[in-house]
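The next block holds one structure in the form of structure tokens; read it before the comments.
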Amino acid sequence: MQKEWRTILKITNEGPIAFFDSGVGGLTVYAKLKELLPNEKYIYFGDTKHMPYGEKTKNELLEYAGNILDFFIKQNAKAVIMACNTTSSTIYDDIKNKYDLKIYPIVQSVADILSNLPINKLGILATHATVKSNAYKKEIQKHNPAIEVIQIACPEWVKIVEENKLDQPQSIILVKEKLDEILKYNPEKIVLGCTHYPFLIDIIKKFVPEEMLIDPAIYFAKYIKEDLQKNNLIKNNRRYEQIYVSSNPEIFRKSAQRFYQIKNSPELVVFN
Ligand code: DGL
């Protein structure tokens, strides 16, 4: 549903705040915003059928996001949270003006804060697509050209989280391998530039001091709250949450559990 449609409908502060990601990763952002704004209506879409997004083409991502945004519009969403670094990096610029919806992309929303860190060298761990887009580097250096940005792709990490394989020895090896790779560059801080990665924090902490790690979700949630306030989109609603997935609701619920307890089973949604 494109802009012409949306202008007929009126965005009010009544509607839900809608999140999407390829799977459970975006819950790391959702949990933070819910802490800051507990009395909102929330919907969350995990596009599990198409994960991992980091291995998809731009056209594929545009198609998936198009379906999800249409779905959110039908639910009268007042804001859409791109709780996904991959779509923020690759397709946000293409869709931001097509929809008359308030869309918040994670990378662009936190770049200013990251660029102000009192450091010279910043490491970014992210998906293939995010690294290839150079979005973190471009957005951060727009604010601070002096900061050096090192990026390493960790393509296997998303599946470890989605398939709930956190306890397998092979997963620990795969995580350590990528951490060793980025540590060779001596970054002063390391950004978990994929919303799935905070699920791996217990493994990551074994190899990297926690003070070195940055989960952008903390800054992102704060940014969203302030911007919603500025735009008069906050409302003390009756608390509401509905989670949707495009495949395997039960696997989603189980994988999510380590980070976020989902009360009702997620609802399966199939787009034609
Ligand atoms: N969690 C998403 C991100 O932040 C997508 C990961 C994926 O599906 O590859 O990039």
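Identifiers in the structure tokens: chain A, B, ... in order shown; residue index from 1 per chain; ligand index from 1 in order shown.
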
#### Entry: Nearby residues, ligand 1, 10 Å, only C-alpha atoms and all ligand atoms, as a ChimeraX atom specification
/A:20-29,46-48,50-56,82-90,106-107,125-131,154-159,161-162,192-197

### Message
What's around Arg253 of chain A at 9 Å? Count only C-alpha atoms, leave out sequence neighbours fewer than 3 positions away in its own chain, and write the answer as a ChimeraX atom specification.
### Response
/A:24,248-250,256-257,260-266

Print the selection's residues with N, CA, C and O atoms to a file, as a CSV table (one decimal), in the first residue's frame.
chain,number,residue,atom,x,y,z
A,24,VAL,N,13.7,-13.6,15.6
A,24,VAL,CA,13.7,-13.1,17.0
A,24,VAL,C,14.6,-11.9,17.4
A,24,VAL,O,14.4,-11.3,18.4
A,248,ASN,N,6.9,-21.4,11.3
A,248,ASN,CA,7.3,-22.0,12.5
A,248,ASN,C,7.1,-21.2,13.8
A,248,ASN,O,8.1,-20.9,14.5
A,249,PRO,N,5.8,-20.9,14.2
A,249,PRO,CA,5.6,-20.1,15.4
A,249,PRO,C,6.2,-20.8,16.7
A,249,PRO,O,6.8,-20.0,17.5
A,250,GLU,N,6.2,-22.1,16.7
A,250,GLU,CA,6.7,-22.7,18.0
A,250,GLU,C,8.2,-22.6,18.1
A,250,GLU,O,8.7,-22.4,19.2
A,256,ALA,N,13.0,-17.4,21.1
A,256,ALA,CA,12.9,-16.1,21.7
A,256,ALA,C,13.1,-16.2,23.2
A,256,ALA,O,13.6,-15.2,23.9
A,257,GLN,N,12.6,-17.3,23.8
A,257,GLN,CA,12.5,-17.5,25.2
A,257,GLN,C,13.8,-17.1,26.0
A,257,GLN,O,13.7,-16.5,27.1
A,260,TYR,N,13.3,-13.2,25.7
A,260,TYR,CA,12.0,-12.6,25.9
A,260,TYR,C,10.9,-13.6,26.0
A,260,TYR,O,10.8,-14.5,25.2
A,261,GLN,N,10.1,-13.6,27.1
A,261,GLN,CA,9.1,-14.6,27.3
A,261,GLN,C,7.8,-14.2,26.5
A,261,GLN,O,7.2,-13.2,26.8
A,262,ILE,N,7.4,-15.0,25.5
A,262,ILE,CA,6.2,-14.7,24.8
A,262,ILE,C,5.1,-15.5,25.4
A,262,ILE,O,5.2,-16.7,25.6
A,263,LYS,N,4.0,-14.8,25.8
A,263,LYS,CA,3.0,-15.5,26.6
A,263,LYS,C,2.1,-16.3,25.6
A,263,LYS,O,2.0,-17.5,25.8
A,264,ASN,N,1.5,-15.7,24.6
A,264,ASN,CA,0.7,-16.4,23.7
A,264,ASN,C,1.5,-16.9,22.5
A,264,ASN,O,2.4,-16.1,22.1
A,265,SER,N,1.2,-18.0,22.0
A,265,SER,CA,1.9,-18.5,20.8
A,265,SER,C,1.8,-17.5,19.7
A,265,SER,O,0.7,-16.9,19.4
A,266,PRO,N,2.9,-17.2,18.9
A,266,PRO,CA,2.9,-16.2,17.8
A,266,PRO,C,1.9,-16.7,16.8
A,266,PRO,O,1.7,-17.9,16.6

#### Entry: strand (DSSP E) residues, from DSSP on the backbone, in segment 26-240 of chain A, as a ChimeraX atom specification
/A:41-46,79-82,103-105,121-126,148-153,189-192,213-214,240

Kindly save the residues from that selection, with N, CA, C and O atoms included, as a CSV table (one decimal), in the first residue's frame.
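Writing the result to out26.csv gives the following:
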chain,number,residue,atom,x,y,z
A,41,LYS,N,0.4,-0.1,22.7
A,41,LYS,CA,0.1,-1.4,22.0
A,41,LYS,C,1.2,-1.7,21.1
A,41,LYS,O,1.8,-0.8,20.4
A,42,TYR,N,1.6,-3.0,21.1
A,42,TYR,CA,2.7,-3.4,20.2
A,42,TYR,C,2.3,-4.6,19.3
A,42,TYR,O,1.7,-5.5,19.8
A,43,ILE,N,2.8,-4.5,18.1
A,43,ILE,CA,2.8,-5.7,17.3
A,43,ILE,C,4.2,-6.0,16.8
A,43,ILE,O,5.0,-5.0,16.6
A,44,TYR,N,4.5,-7.2,16.5
A,44,TYR,CA,5.9,-7.6,16.1
A,44,TYR,C,5.8,-8.6,15.0
A,44,TYR,O,5.0,-9.6,15.2
A,45,PHE,N,6.5,-8.4,14.0
A,45,PHE,CA,6.5,-9.4,12.9
A,45,PHE,C,7.9,-10.0,12.7
A,45,PHE,O,8.9,-9.3,12.4
A,46,GLY,N,8.0,-11.3,12.9
A,46,GLY,CA,9.3,-12.0,12.7
A,46,GLY,C,9.2,-12.8,11.3
A,46,GLY,O,8.4,-13.7,11.2
A,79,ALA,N,3.6,3.8,14.1
A,79,ALA,CA,5.1,3.8,13.8
A,79,ALA,C,5.6,2.5,13.5
A,79,ALA,O,5.1,1.5,14.0
A,80,VAL,N,6.6,2.4,12.6
A,80,VAL,CA,7.2,1.1,12.3
A,80,VAL,C,8.7,1.2,12.7
A,80,VAL,O,9.4,2.1,12.4
A,81,ILE,N,9.1,0.2,13.5
A,81,ILE,CA,10.5,0.1,14.0
A,81,ILE,C,11.2,-1.0,13.2
A,81,ILE,O,10.9,-2.2,13.2
A,82,MET,N,12.2,-0.5,12.4
A,82,MET,CA,13.0,-1.5,11.6
A,82,MET,C,14.0,-2.0,12.6
A,82,MET,O,15.1,-1.4,12.7
A,103,ILE,N,8.8,5.6,9.9
A,103,ILE,CA,9.6,4.4,9.9
A,103,ILE,C,11.0,4.7,10.6
A,103,ILE,O,11.6,5.7,10.3
A,104,TYR,N,11.3,3.9,11.6
A,104,TYR,CA,12.6,4.2,12.4
A,104,TYR,C,13.6,3.1,12.0
A,104,TYR,O,13.4,1.9,12.4
A,105,PRO,N,14.7,3.5,11.3
A,105,PRO,CA,15.7,2.5,11.0
A,105,PRO,C,16.8,2.5,12.1
A,105,PRO,O,17.2,3.5,12.6
A,121,LYS,N,38.8,4.1,17.1
A,121,LYS,CA,38.6,2.9,16.3
A,121,LYS,C,37.4,2.1,16.8
A,121,LYS,O,37.4,1.6,17.9
A,122,LEU,N,36.4,1.9,15.9
A,122,LEU,CA,35.2,1.2,16.3
A,122,LEU,C,35.0,0.0,15.4
A,122,LEU,O,35.1,0.0,14.2
A,123,GLY,N,34.7,-1.1,16.1
A,123,GLY,CA,34.5,-2.4,15.4
A,123,GLY,C,33.0,-2.6,15.2
A,123,GLY,O,32.2,-2.2,16.1
A,124,ILE,N,32.6,-3.2,14.1
A,124,ILE,CA,31.2,-3.5,13.9
A,124,ILE,C,31.1,-5.0,13.5
A,124,ILE,O,31.7,-5.4,12.5
A,125,LEU,N,30.3,-5.7,14.2
A,125,LEU,CA,30.0,-7.1,13.8
A,125,LEU,C,28.5,-7.0,13.2
A,125,LEU,O,27.6,-6.5,13.9
A,126,ALA,N,28.4,-7.6,12.0
A,126,ALA,CA,27.0,-7.5,11.4
A,126,ALA,C,26.8,-8.6,10.4
A,126,ALA,O,27.7,-9.4,10.2
A,148,GLU,N,37.7,5.6,12.8
A,148,GLU,CA,38.0,4.5,11.9
A,148,GLU,C,37.0,3.4,12.2
A,148,GLU,O,36.7,3.1,13.4
A,149,VAL,N,36.3,2.8,11.2
A,149,VAL,CA,35.3,1.8,11.4
A,149,VAL,C,35.7,0.5,10.7
A,149,VAL,O,35.9,0.4,9.5
A,150,ILE,N,35.9,-0.5,11.5
A,150,ILE,CA,36.2,-1.9,11.0
A,150,ILE,C,35.0,-2.7,11.0
A,150,ILE,O,34.2,-2.8,12.0
A,151,GLN,N,34.7,-3.4,9.9
A,151,GLN,CA,33.5,-4.2,9.9
A,151,GLN,C,33.8,-5.7,9.6
A,151,GLN,O,34.5,-6.0,8.6
A,152,ILE,N,33.2,-6.6,10.3
A,152,ILE,CA,33.4,-8.0,10.1
A,152,ILE,C,32.0,-8.6,10.0
A,152,ILE,O,31.1,-8.4,10.9
A,153,ALA,N,31.8,-9.5,9.0
A,153,ALA,CA,30.5,-10.2,8.8
A,153,ALA,C,30.5,-11.5,9.6
A,153,ALA,O,31.5,-12.2,9.5
A,189,LYS,N,36.0,-0.2,20.9
A,189,LYS,CA,34.6,-0.7,21.2
A,189,LYS,C,34.1,-1.6,20.1
A,189,LYS,O,34.6,-1.4,18.9
A,190,ILE,N,33.2,-2.5,20.4
A,190,ILE,CA,32.6,-3.4,19.3
A,190,ILE,C,31.1,-3.3,19.4
A,190,ILE,O,30.5,-3.5,20.4
A,191,VAL,N,30.5,-2.9,18.2
A,191,VAL,CA,29.1,-2.8,18.1
A,191,VAL,C,28.5,-4.1,17.7
A,191,VAL,O,29.0,-4.7,16.7
A,192,LEU,N,27.5,-4.5,18.4
A,192,LEU,CA,26.7,-5.7,17.9
A,192,LEU,C,25.7,-5.2,16.9
A,192,LEU,O,24.6,-4.8,17.2
A,213,LEU,N,31.7,-3.9,24.6
A,213,LEU,CA,30.5,-4.2,23.7
A,213,LEU,C,29.5,-3.1,23.7
A,213,LEU,O,29.1,-2.6,24.8
A,214,ILE,N,28.9,-2.9,22.6
A,214,ILE,CA,27.8,-1.9,22.5
A,214,ILE,C,26.6,-2.6,21.8
A,214,ILE,O,26.7,-3.1,20.7
A,240,TYR,N,-1.0,-4.1,25.2
A,240,TYR,CA,-1.4,-5.1,24.2
A,240,TYR,C,-0.1,-5.5,23.5
A,240,TYR,O,0.8,-4.7,23.2

### Query
Can you tell me how far atom CA of Asp93 of chain A sits from atom CA of Ala18 of chain A, in Å to one decimal?
18.9 Å

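Our summary of the geometry notes that atom CA of Lys137 of chain A is positioned 20.7 Å from atom CA of Asp180 of chain A.
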
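Between Glu40 of chain A and the residues A:Lys254, A:Lys225, A:Lys230, A:Lys74, the shortest atom-to-atom distance, using only C-alpha atoms, involves A:Lys225.
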